[in-house]
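Q: The structure file upload.pdb (PDB, C-alpha atoms and all ligand atoms) is provided below.
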ATOM      1  CA  MET A   3     -26.280  23.114  -2.634
ATOM      2  CA  LYS A   4     -23.242  23.627  -4.806
ATOM      3  CA  HIS A   5     -22.295  20.033  -5.606
ATOM      4  CA  LYS A   6     -25.754  18.827  -6.383
ATOM      5  CA  GLY A   7     -25.692  15.211  -7.482
ATOM      6  CA  THR A   8     -22.213  14.620  -6.120
ATOM      7  CA  PRO A   9     -22.451  12.478  -3.010
ATOM      8  CA  LYS A  10     -20.551  13.971  -0.102
ATOM      9  CA  PHE A  11     -18.413  11.018   0.854
ATOM     10  CA  PRO A  12     -16.005  11.213   3.736
ATOM     11  CA  GLN A  13     -12.899  12.907   2.419
ATOM     12  CA  ILE A  14     -10.767   9.839   2.339
ATOM     13  CA  GLU A  15      -8.673  11.003  -0.611
ATOM     14  CA  LYS A  16      -7.598  14.197   1.133
ATOM     15  CA  GLN A  17      -5.916  12.192   3.825
ATOM     16  CA  GLY A  18      -3.575  10.913   1.174
ATOM     17  CA  SER A  19      -2.625   7.656   2.757
ATOM     18  CA  TYR A  20      -5.654   5.604   1.848
ATOM     19  CA  GLY A  21      -4.563   5.549  -1.796
ATOM     20  CA  ALA A  22      -1.071   4.501  -0.851
ATOM     21  CA  PHE A  23      -2.600   1.895   1.385
ATOM     22  CA  THR A  24      -4.343   0.201  -1.492
ATOM     23  CA  GLN A  25      -2.061   0.978  -4.415
ATOM     24  CA  ASP A  26       1.031  -0.308  -2.698
ATOM     25  CA  GLY A  27      -0.831  -3.387  -1.617
ATOM     26  CA  ILE A  28       0.222  -2.753   1.942
ATOM     27  CA  SER A  29      -1.555  -5.292   4.047
ATOM     28  CA  PRO A  30      -2.331  -5.255   7.752
ATOM     29  CA  MET A  31       0.266  -8.021   8.029
ATOM     30  CA  ILE A  32       3.039  -5.425   7.671
ATOM     31  CA  PRO A  33       4.762  -5.335  11.055
ATOM     32  CA  GLN A  34       4.699  -2.232  13.210
ATOM     33  CA  PRO A  35       5.863   0.541  13.457
ATOM     34  CA  PHE A  36       4.167   0.986  10.070
ATOM     35  CA  THR A  37       1.243   3.375  10.562
ATOM     36  CA  ILE A  38      -1.323   5.235   8.470
ATOM     37  CA  ASN A  39      -2.321   8.639   9.751
ATOM     38  CA  GLY A  40      -0.679   7.651  12.990
ATOM     39  CA  LEU A  41      -2.875   4.582  13.317
ATOM     40  CA  LYS A  42      -2.033   0.913  13.167
ATOM     41  CA  PRO A  43      -3.184  -0.478   9.782
ATOM     42  CA  ASP A  44      -5.865  -2.650  11.411
ATOM     43  CA  THR A  45      -7.299   0.316  13.304
ATOM     44  CA  PHE A  46      -7.157   2.539  10.250
ATOM     45  CA  ARG A  47      -8.900  -0.072   8.142
ATOM     46  CA  ALA A  48     -11.647  -0.598  10.732
ATOM     47  CA  GLN A  49     -12.247   3.128  11.124
ATOM     48  CA  GLU A  50     -12.434   3.753   7.401
ATOM     49  CA  LEU A  51     -14.786   0.842   6.898
ATOM     50  CA  GLU A  52     -17.043   2.126   9.662
ATOM     51  CA  ARG A  53     -17.246   5.438   7.841
ATOM     52  CA  VAL A  54     -18.095   3.673   4.613
ATOM     53  CA  PHE A  55     -20.893   1.698   6.288
ATOM     54  CA  THR A  56     -22.276   4.844   7.896
ATOM     55  CA  ARG A  57     -22.485   6.410   4.458
ATOM     56  CA  PHE A  58     -23.890   3.180   3.033
ATOM     57  CA  LEU A  59     -26.749   3.231   5.542
ATOM     58  CA  GLN A  60     -27.550   6.836   4.699
ATOM     59  CA  LEU A  61     -27.686   6.021   1.000
ATOM     60  CA  VAL A  62     -29.732   2.816   1.146
ATOM     61  CA  ASP A  63     -32.124   4.277   3.745
ATOM     62  CA  PRO A  64     -32.618   7.997   3.032
ATOM     63  CA  THR A  65     -35.210   8.150   5.834
ATOM     64  CA  ARG A  66     -32.585   7.284   8.401
ATOM     65  CA  ASP A  67     -31.775  10.102  10.779
ATOM     66  CA  PRO A  68     -27.959  10.368  10.771
ATOM     67  CA  VAL A  69     -27.826  11.959  14.210
ATOM     68  CA  GLU A  70     -30.260   9.698  16.012
ATOM     69  CA  GLN A  71     -28.256   7.751  18.546
ATOM     70  CA  ASP A  72     -30.560   4.995  19.713
ATOM     71  CA  CYS A  73     -31.998   3.704  16.468
ATOM     72  CA  GLY A  74     -31.581   0.027  15.565
ATOM     73  CA  THR A  75     -28.756   0.803  13.148
ATOM     74  CA  SER A  76     -26.681   3.106  15.347
ATOM     75  CA  GLU A  77     -24.153   0.361  16.057
ATOM     76  CA  THR A  78     -24.425  -1.204  12.590
ATOM     77  CA  PRO A  79     -21.383   0.476  10.964
ATOM     78  CA  HIS A  80     -19.181  -0.728  13.823
ATOM     79  CA  ARG A  81     -20.648  -4.246  13.800
ATOM     80  CA  ALA A  82     -20.527  -4.537  10.007
ATOM     81  CA  ALA A  83     -16.927  -3.338   9.822
ATOM     82  CA  LYS A  84     -15.957  -5.842  12.493
ATOM     83  CA  ALA A  85     -17.763  -8.694  10.750
ATOM     84  CA  TRP A  86     -16.090  -7.960   7.420
ATOM     85  CA  LEU A  87     -12.593  -7.495   8.781
ATOM     86  CA  ASN A  88     -12.611 -10.271  11.378
ATOM     87  CA  GLN A  89     -14.690 -12.844   9.542
ATOM     88  CA  TRP A  90     -15.920 -12.373   5.997
ATOM     89  CA  ALA A  91     -12.752 -10.834   4.593
ATOM     90  CA  ALA A  92     -10.340 -12.246   7.167
ATOM     91  CA  GLY A  93      -8.816 -14.556   4.555
ATOM     92  CA  TYR A  94      -6.824 -11.649   3.107
ATOM     93  CA  ASN A  95      -4.778 -11.525   6.316
ATOM     94  CA  GLN A  96      -3.927 -15.204   6.186
ATOM     95  CA  ASP A  97      -1.300 -16.872   4.091
ATOM     96  CA  PRO A  98      -2.507 -20.258   2.787
ATOM     97  CA  MET A  99       1.073 -21.458   2.562
ATOM     98  CA  GLU A 100       1.420 -21.012   6.320
ATOM     99  CA  ILE A 101      -1.169 -23.737   6.691
ATOM    100  CA  MET A 102       0.568 -25.906   4.124
ATOM    101  CA  LYS A 103       3.834 -25.692   6.042
ATOM    102  CA  VAL A 104       2.525 -28.095   8.622
ATOM    103  CA  VAL A 105       3.238 -31.326   6.857
ATOM    104  CA  GLU A 106       3.278 -34.455   8.939
ATOM    105  CA  ASP A 107       4.957 -37.743   8.340
ATOM    106  CA  GLY A 108       2.855 -40.833   8.488
ATOM    107  CA  ALA A 109       1.789 -41.453   4.910
ATOM    108  CA  GLU A 110       4.330 -44.240   4.423
ATOM    109  CA  GLY A 111       2.448 -47.333   3.424
ATOM    110  CA  TYR A 112      -0.733 -45.423   2.663
ATOM    111  CA  HIS A 113      -1.452 -45.504  -1.057
ATOM    112  CA  SER A 114      -4.987 -44.289  -1.400
ATOM    113  CA  SER A 115      -6.853 -40.995  -1.201
ATOM    114  CA  VAL A 116      -7.435 -38.777   1.823
ATOM    115  CA  CYS A 117     -10.806 -37.125   1.585
ATOM    116  CA  VAL A 118     -12.531 -34.590   3.818
ATOM    117  CA  GLU A 119     -16.227 -34.225   3.142
ATOM    118  CA  GLU A 120     -18.850 -31.691   4.122
ATOM    119  CA  ILE A 121     -16.482 -28.763   4.601
ATOM    120  CA  GLU A 122     -18.593 -25.677   5.230
ATOM    121  CA  VAL A 123     -18.072 -22.889   2.717
ATOM    122  CA  TYR A 124     -19.033 -19.342   3.658
ATOM    123  CA  SER A 125     -17.935 -16.795   1.116
ATOM    124  CA  HIS A 126     -19.096 -13.624  -0.631
ATOM    125  CA  CYS A 127     -19.368 -13.060  -4.344
ATOM    126  CA  GLU A 128     -17.135 -10.336  -5.630
ATOM    127  CA  HIS A 129     -19.837  -9.075  -7.997
ATOM    128  CA  HIS A 130     -22.566  -8.231  -5.462
ATOM    129  CA  LEU A 131     -20.931  -8.835  -2.056
ATOM    130  CA  ALA A 132     -23.725 -11.342  -1.471
ATOM    131  CA  PRO A 133     -23.184 -14.583   0.451
ATOM    132  CA  ILE A 134     -22.132 -17.822  -1.168
ATOM    133  CA  ILE A 135     -23.029 -20.755   1.072
ATOM    134  CA  GLY A 136     -22.127 -24.318   0.335
ATOM    135  CA  LYS A 137     -20.080 -27.413   0.991
ATOM    136  CA  ALA A 138     -16.732 -28.573  -0.259
ATOM    137  CA  LEU A 139     -15.211 -31.962  -0.733
ATOM    138  CA  VAL A 140     -11.424 -32.068  -0.840
ATOM    139  CA  ALA A 141      -9.357 -35.134  -1.674
ATOM    140  CA  TYR A 142      -5.737 -35.819  -2.407
ATOM    141  CA  ILE A 143      -3.507 -38.838  -2.893
ATOM    142  CA  PRO A 144      -0.389 -38.360  -0.739
ATOM    143  CA  ASN A 145       3.060 -38.775  -2.136
ATOM    144  CA  GLY A 146       4.835 -39.007   1.214
ATOM    145  CA  LYS A 147       3.419 -35.835   2.764
ATOM    146  CA  ILE A 148       0.115 -35.456   4.541
ATOM    147  CA  LEU A 149      -1.671 -32.574   6.181
ATOM    148  CA  GLY A 150      -3.512 -32.478   9.496
ATOM    149  CA  LEU A 151      -7.151 -33.060   8.579
ATOM    150  CA  SER A 152      -8.388 -29.843  10.132
ATOM    151  CA  LYS A 153      -5.918 -28.005   7.897
ATOM    152  CA  LEU A 154      -8.023 -28.853   4.858
ATOM    153  CA  ASN A 155     -10.957 -27.059   6.480
ATOM    154  CA  ARG A 156      -8.729 -24.115   7.277
ATOM    155  CA  LEU A 157      -7.379 -23.957   3.746
ATOM    156  CA  VAL A 158     -10.910 -23.802   2.337
ATOM    157  CA  ASP A 159     -11.743 -21.107   4.877
ATOM    158  CA  VAL A 160      -8.739 -18.919   4.044
ATOM    159  CA  TYR A 161      -9.820 -18.674   0.414
ATOM    160  CA  ALA A 162     -13.554 -18.583   1.148
ATOM    161  CA  ARG A 163     -13.181 -15.625   3.488
ATOM    162  CA  ARG A 164     -12.313 -13.353   0.616
ATOM    163  CA  LEU A 165     -14.376 -11.865  -2.188
ATOM    164  CA  GLN A 166     -14.730 -14.713  -4.617
ATOM    165  CA  VAL A 167     -16.233 -16.359  -7.611
ATOM    166  CA  GLN A 168     -16.850 -20.044  -7.020
ATOM    167  CA  GLU A 169     -14.661 -21.119  -9.932
ATOM    168  CA  ARG A 170     -11.595 -19.317  -8.585
ATOM    169  CA  LEU A 171     -12.217 -20.484  -5.037
ATOM    170  CA  THR A 172     -12.210 -24.100  -6.245
ATOM    171  CA  THR A 173      -9.036 -23.690  -8.282
ATOM    172  CA  GLN A 174      -7.149 -21.844  -5.542
ATOM    173  CA  ILE A 175      -7.772 -24.627  -3.031
ATOM    174  CA  ALA A 176      -6.586 -27.272  -5.491
ATOM    175  CA  ASP A 177      -3.512 -25.252  -6.516
ATOM    176  CA  ALA A 178      -2.478 -24.627  -2.897
ATOM    177  CA  LEU A 179      -2.737 -28.304  -2.025
ATOM    178  CA  ASP A 180      -0.852 -29.256  -5.147
ATOM    179  CA  ALA A 181       1.949 -26.773  -4.442
ATOM    180  CA  GLY A 182       2.179 -27.495  -0.732
ATOM    181  CA  LEU A 183       1.955 -31.291  -0.660
ATOM    182  CA  GLU A 184       3.122 -32.291  -4.148
ATOM    183  CA  PRO A 185       0.694 -35.212  -4.026
ATOM    184  CA  HIS A 186      -0.107 -37.707  -6.780
ATOM    185  CA  GLY A 187      -3.378 -35.941  -7.311
ATOM    186  CA  VAL A 188      -5.855 -33.419  -5.928
ATOM    187  CA  ALA A 189      -9.607 -33.133  -6.396
ATOM    188  CA  VAL A 190     -11.803 -30.319  -5.089
ATOM    189  CA  PHE A 191     -15.548 -30.190  -5.517
ATOM    190  CA  ILE A 192     -17.795 -27.351  -4.315
ATOM    191  CA  ARG A 193     -21.548 -27.176  -4.402
ATOM    192  CA  ALA A 194     -22.947 -23.800  -3.362
ATOM    193  CA  ARG A 195     -25.913 -21.467  -3.359
ATOM    194  CA  HIS A 196     -25.409 -17.897  -4.459
ATOM    195  CA  LEU A 197     -27.707 -15.473  -2.695
ATOM    196  CA  CYS A 198     -27.188 -12.867  -5.406
ATOM    197  CA  MET A 199     -28.752 -15.301  -7.848
ATOM    198  CA  GLU A 200     -31.491 -16.549  -5.535
ATOM    199  CA  SER A 201     -32.749 -13.200  -4.324
ATOM    200  CA  ARG A 202     -32.582 -11.087  -7.449
ATOM    201  CA  GLY A 203     -34.408 -11.115 -10.774
ATOM    202  CA  VAL A 204     -35.707 -14.535 -11.725
ATOM    203  CA  ARG A 205     -35.042 -15.921  -8.248
ATOM    204  CA  GLN A 206     -33.459 -19.123  -9.379
ATOM    205  CA  ASN A 207     -32.905 -21.525  -6.539
ATOM    206  CA  SER A 208     -30.242 -23.309  -8.479
ATOM    207  CA  VAL A 209     -27.103 -24.778  -7.017
ATOM    208  CA  THR A 210     -23.708 -24.284  -8.647
ATOM    209  CA  SER A 211     -21.136 -27.067  -8.782
ATOM    210  CA  THR A 212     -17.482 -26.555  -9.593
ATOM    211  CA  GLN A 213     -14.534 -28.896  -9.534
ATOM    212  CA  ALA A 214     -10.780 -28.773  -9.966
ATOM    213  CA  PHE A 215      -8.596 -31.797 -10.642
ATOM    214  CA  LYS A 216      -4.819 -32.031 -10.563
ATOM    215  CA  GLY A 217      -2.359 -34.843 -11.210
ATOM    216  CA  VAL A 218      -3.836 -38.321 -11.554
ATOM    217  CA  PHE A 219      -7.318 -36.978 -10.882
ATOM    218  CA  ALA A 220      -7.029 -34.955 -14.079
ATOM    219  CA  GLU A 221      -6.259 -38.060 -16.112
ATOM    220  CA  GLY A 222      -8.928 -40.321 -17.545
ATOM    221  CA  LEU A 223     -10.247 -43.336 -15.678
ATOM    222  CA  LYS A 224      -8.860 -45.743 -18.233
ATOM    223  CA  ASP A 225      -5.599 -47.386 -17.110
ATOM    224  CA  ASN A 226      -5.475 -45.016 -14.165
ATOM    225  CA  PRO A 227      -3.998 -46.739 -11.083
ATOM    226  CA  TYR A 228      -6.255 -44.537  -8.955
ATOM    227  CA  GLU A 229      -9.453 -45.366 -10.793
ATOM    228  CA  MET A 230     -11.056 -46.648  -7.571
ATOM    229  CA  GLU A 231     -10.250 -43.416  -5.699
ATOM    230  CA  MET A 232     -11.627 -41.350  -8.552
ATOM    231  CA  ARG A 233     -14.845 -43.336  -8.613
ATOM    232  CA  LEU A 234     -15.190 -42.971  -4.843
ATOM    233  CA  PHE A 235     -14.680 -39.235  -5.171
ATOM    234  CA  MET A 236     -17.381 -38.998  -7.816
ATOM    235  CA  GLU A 237     -19.802 -40.960  -5.619
ATOM    236  CA  ARG A 238     -19.121 -38.628  -2.710
ATOM    237  CA  CYS A 239     -19.647 -35.601  -4.956
ATOM    238  CA  ALA A 240     -23.029 -36.955  -6.012
ATOM    239  CA  SER A 241     -24.211 -37.137  -2.424
ATOM    240  CA  LEU A 242     -22.894 -33.719  -1.336
ATOM    241  CA  LYS A 243     -25.682 -31.262  -0.552
ATOM    242  CA  ALA A 244     -25.118 -27.523  -0.775
TER
HETATM  243 ZN    ZN A 301     -23.016 -12.255  -7.258
END
Before anything else, please render the file you have as structure tokens.

A:
Amino acid sequence: MKHKGTPKFPQIEKQGSYGAFTQDGISPMIPQPFTINGLKPDTFRAQELERVFTRFLQLVDPTRDPVEQDCGTSETPHRAAKAWLNQWAAGYNQDPMEIMKVVEDGAEGYHSSVCVEEIEVYSHCEHHLAPIIGKALVAYIPNGKILGLSKLNRLVDVYARRLQVQERLTTQIADALDAGLEPHGVAVFIRARHLCMESRGVRQNSVTSTQAFKGVFAEGLKDNPYEMEMRLFMERCASLKA
């Protein structure tokens, strides 16, 4: 064969628009009639990803017969593309500030922290595309504005359903809450297992903890009017299991 050693990938580049799709940062949120190759962006993205997963299967399993129709993996490219676009990478289609817009009254007279514990975290590491599974604890001290409690879960989810590193995920959640609610303080704690770490090499079953503090939570305990809230947060962190 002429191009020995050069994998014969689907000729995405020749179609021209895939590059524009990524370089211009055009997202599937762009309203119609925007199209790529005559397709809606969502459809185009799903089709391309299916092609990538088909090629992926051929490369990781060279024994796989590419034309066999009824093998166990015949529907895998379609299922995998759907799972990535609709679930695992769905956070790219969602604007965190849309969630933060829903600010309710009702914090008058409340001068302590609001804390949601045991928020499930399902993410993927951007280095290996391997799952990150853990729990988050999110607290803030309202300064007049509060958020529906389920919104904290959604906010975590929007950032988790992207390719991540745990440090950035933690900071992004804290920054969004800080920007959206302008509270006295924000604290985010995440404890998670990284399957890339657990399943490769030394197989460490370690758990990674990260935290981000803003406002009064970032100040020391001494002379802090929210010392009690900070201590409560630390106690809750100690009992959070990944
Ligand atoms: Zn990794």

Q: As a quick test: using all atoms listed in the file, which residues lie no more than 10 Å away from ligand ZN 301 (chain A)? Give them as a list in words.

A: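 Counting only what the definition allows, namely all atoms listed in the file, the set is His126, Cys127, Glu128, His129, His130, Leu131, Ala132, Pro133, Ile134, Gln166, Val167, Gln168, His196, Leu197, Cys198, Met199, Glu200 and Arg202 of chain A.
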
Q: I'd like the contact shell of A:Ala82 - 12 Å cut-off, only C-alpha atoms, skipping same-chain residues fewer than 3 positions apart - returned as number ranges by chain.

A: A: 48-56, 58-59, 75-79, 85-91

Q: Once the PyMOL selection byres (((chain A and resi 195) around 7) and not hetatm) has been evaluated on this model, what residues remain selected, and can you format them as a CSV table (one decimal) with C-alpha atoms, in the frame of the given file?

A:
chain,number,residue,atom,x,y,z
A,134,ILE,CA,-22.1,-17.8,-1.2
A,135,ILE,CA,-23.0,-20.8,1.1
A,136,GLY,CA,-22.1,-24.3,0.3
A,194,ALA,CA,-22.9,-23.8,-3.4
A,196,HIS,CA,-25.4,-17.9,-4.5
A,197,LEU,CA,-27.7,-15.5,-2.7
A,208,SER,CA,-30.2,-23.3,-8.5
A,209,VAL,CA,-27.1,-24.8,-7.0
A,210,THR,CA,-23.7,-24.3,-8.6
A,244,ALA,CA,-25.1,-27.5,-0.8

Q: Would you list the contacts of A:Ile121 as a list of chain:residue names, taking every protein, DNA or RNA residue within 10 Å and counting all atoms listed in the file, but skipping same-chain residues closer than 2 positions in sequence?

A: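 Listing them by chain and then by number gives A:Val118, A:Glu119, A:Val123, A:Tyr124, A:Gly136, A:Lys137, A:Ala138, A:Leu139, A:Val140, A:Ser152, A:Leu154, A:Asn155, A:Arg156, A:Val158, A:Asp159, A:Ile192.
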
Q: Could you write out the selected residues, including C-alpha atoms, as a compact mmCIF listing (two decimals), in the coordinates of the input?

A:
# COMPACT_ATOMS: atom_id res chain seq x y z
CA VAL A 118 -12.53 -34.59 3.82
CA GLU A 119 -16.23 -34.22 3.14
CA VAL A 123 -18.07 -22.89 2.72
CA TYR A 124 -19.03 -19.34 3.66
CA GLY A 136 -22.13 -24.32 0.34
CA LYS A 137 -20.08 -27.41 0.99
CA ALA A 138 -16.73 -28.57 -0.26
CA LEU A 139 -15.21 -31.96 -0.73
CA VAL A 140 -11.42 -32.07 -0.84
CA SER A 152 -8.39 -29.84 10.13
CA LEU A 154 -8.02 -28.85 4.86
CA ASN A 155 -10.96 -27.06 6.48
CA ARG A 156 -8.73 -24.12 7.28
CA VAL A 158 -10.91 -23.80 2.34
CA ASP A 159 -11.74 -21.11 4.88
CA ILE A 192 -17.80 -27.35 -4.32

Q: List the residues matched by the PyMOL selection byres (((chain A and resi 104-116) around 8) and not hetatm) in the displayed structure as a PDB file with C-alpha atoms, keeping the file's coordinate frame, ordered by chain and then by residue number.

A:
ATOM      1  CA  GLU A 100       1.420 -21.012   6.320  1.00  0.00           C
ATOM      2  CA  ILE A 101      -1.169 -23.737   6.691  1.00  0.00           C
ATOM      3  CA  MET A 102       0.568 -25.906   4.124  1.00  0.00           C
ATOM      4  CA  LYS A 103       3.834 -25.692   6.042  1.00  0.00           C
ATOM      5  CA  CYS A 117     -10.806 -37.125   1.585  1.00  0.00           C
ATOM      6  CA  VAL A 118     -12.531 -34.590   3.818  1.00  0.00           C
ATOM      7  CA  ALA A 141      -9.357 -35.134  -1.674  1.00  0.00           C
ATOM      8  CA  TYR A 142      -5.737 -35.819  -2.407  1.00  0.00           C
ATOM      9  CA  ILE A 143      -3.507 -38.838  -2.893  1.00  0.00           C
ATOM     10  CA  PRO A 144      -0.389 -38.360  -0.739  1.00  0.00           C
ATOM     11  CA  ASN A 145       3.060 -38.775  -2.136  1.00  0.00           C
ATOM     12  CA  GLY A 146       4.835 -39.007   1.214  1.00  0.00           C
ATOM     13  CA  LYS A 147       3.419 -35.835   2.764  1.00  0.00           C
ATOM     14  CA  ILE A 148       0.115 -35.456   4.541  1.00  0.00           C
ATOM     15  CA  LEU A 149      -1.671 -32.574   6.181  1.00  0.00           C
ATOM     16  CA  GLY A 150      -3.512 -32.478   9.496  1.00  0.00           C
ATOM     17  CA  LEU A 183       1.955 -31.291  -0.660  1.00  0.00           C
ATOM     18  CA  TYR A 228      -6.255 -44.537  -8.955  1.00  0.00           C
ATOM     19  CA  GLU A 231     -10.250 -43.416  -5.699  1.00  0.00           C
TER      20      GLU A 231
END

Q: Expressed in Å to a single decimal, how great is the separation between atom CA of A:Glu169 and atom CA of A:Glu237?

A: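 Going from atom CA of A:Glu169 over to atom CA of A:Glu237 covers 20.9 Å.
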
Q: For the atom pair atom CA of A:Phe46 and atom CA of A:Leu171, what is the interatomic distance in Å to one decimal place?

A: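 We find that atom CA of A:Phe46 and atom CA of A:Leu171 lie 28.1 Å from each other.
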
Q: Rounded to one decimal in Å, what is the spacing between atom CA of A:Glu229 and atom CA of A:Ser211?

A: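 Rounded to one decimal, the two atoms are 21.8 Å apart.
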
Q: Taking all atoms listed in the file into account, which of A:Lys153, A:Arg66, A:Lys216, A:Arg164 comes nearest A:Glu184?

A: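 Nearest candidate to A:Glu184 out of A:Lys153, A:Arg66, A:Lys216, A:Arg164: A:Lys216.
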
Q: Which of these, A:Ala162, A:Ala181, A:Ala189, A:Ala92, has the shortest distance to A:Glu221 once you count only C-alpha atoms?

A: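 That would be A:Ala189, the residue with the smallest distance to A:Glu221.
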
Q: Give me the box for stretch 146-153 of chain A as AutoDock Vina command-line options, namely the centre and edge lengths in Å to one decimal of a box along x, y and z that holds every listed atom plus 4 Å on each side.

A:
--center_x -1.8 --center_y -33.5 --center_z 5.7 --size_x 21.2 --size_y 19.0 --size_z 16.9

Q: A:Ala176: which residues within 7 Å, counting only C-alpha atoms, same-chain residues fewer than 6 positions away excluded, as a list in words?

A: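 In the requested form, the answer reads Val188, Ala189, Val190 and Ala214 of chain A.
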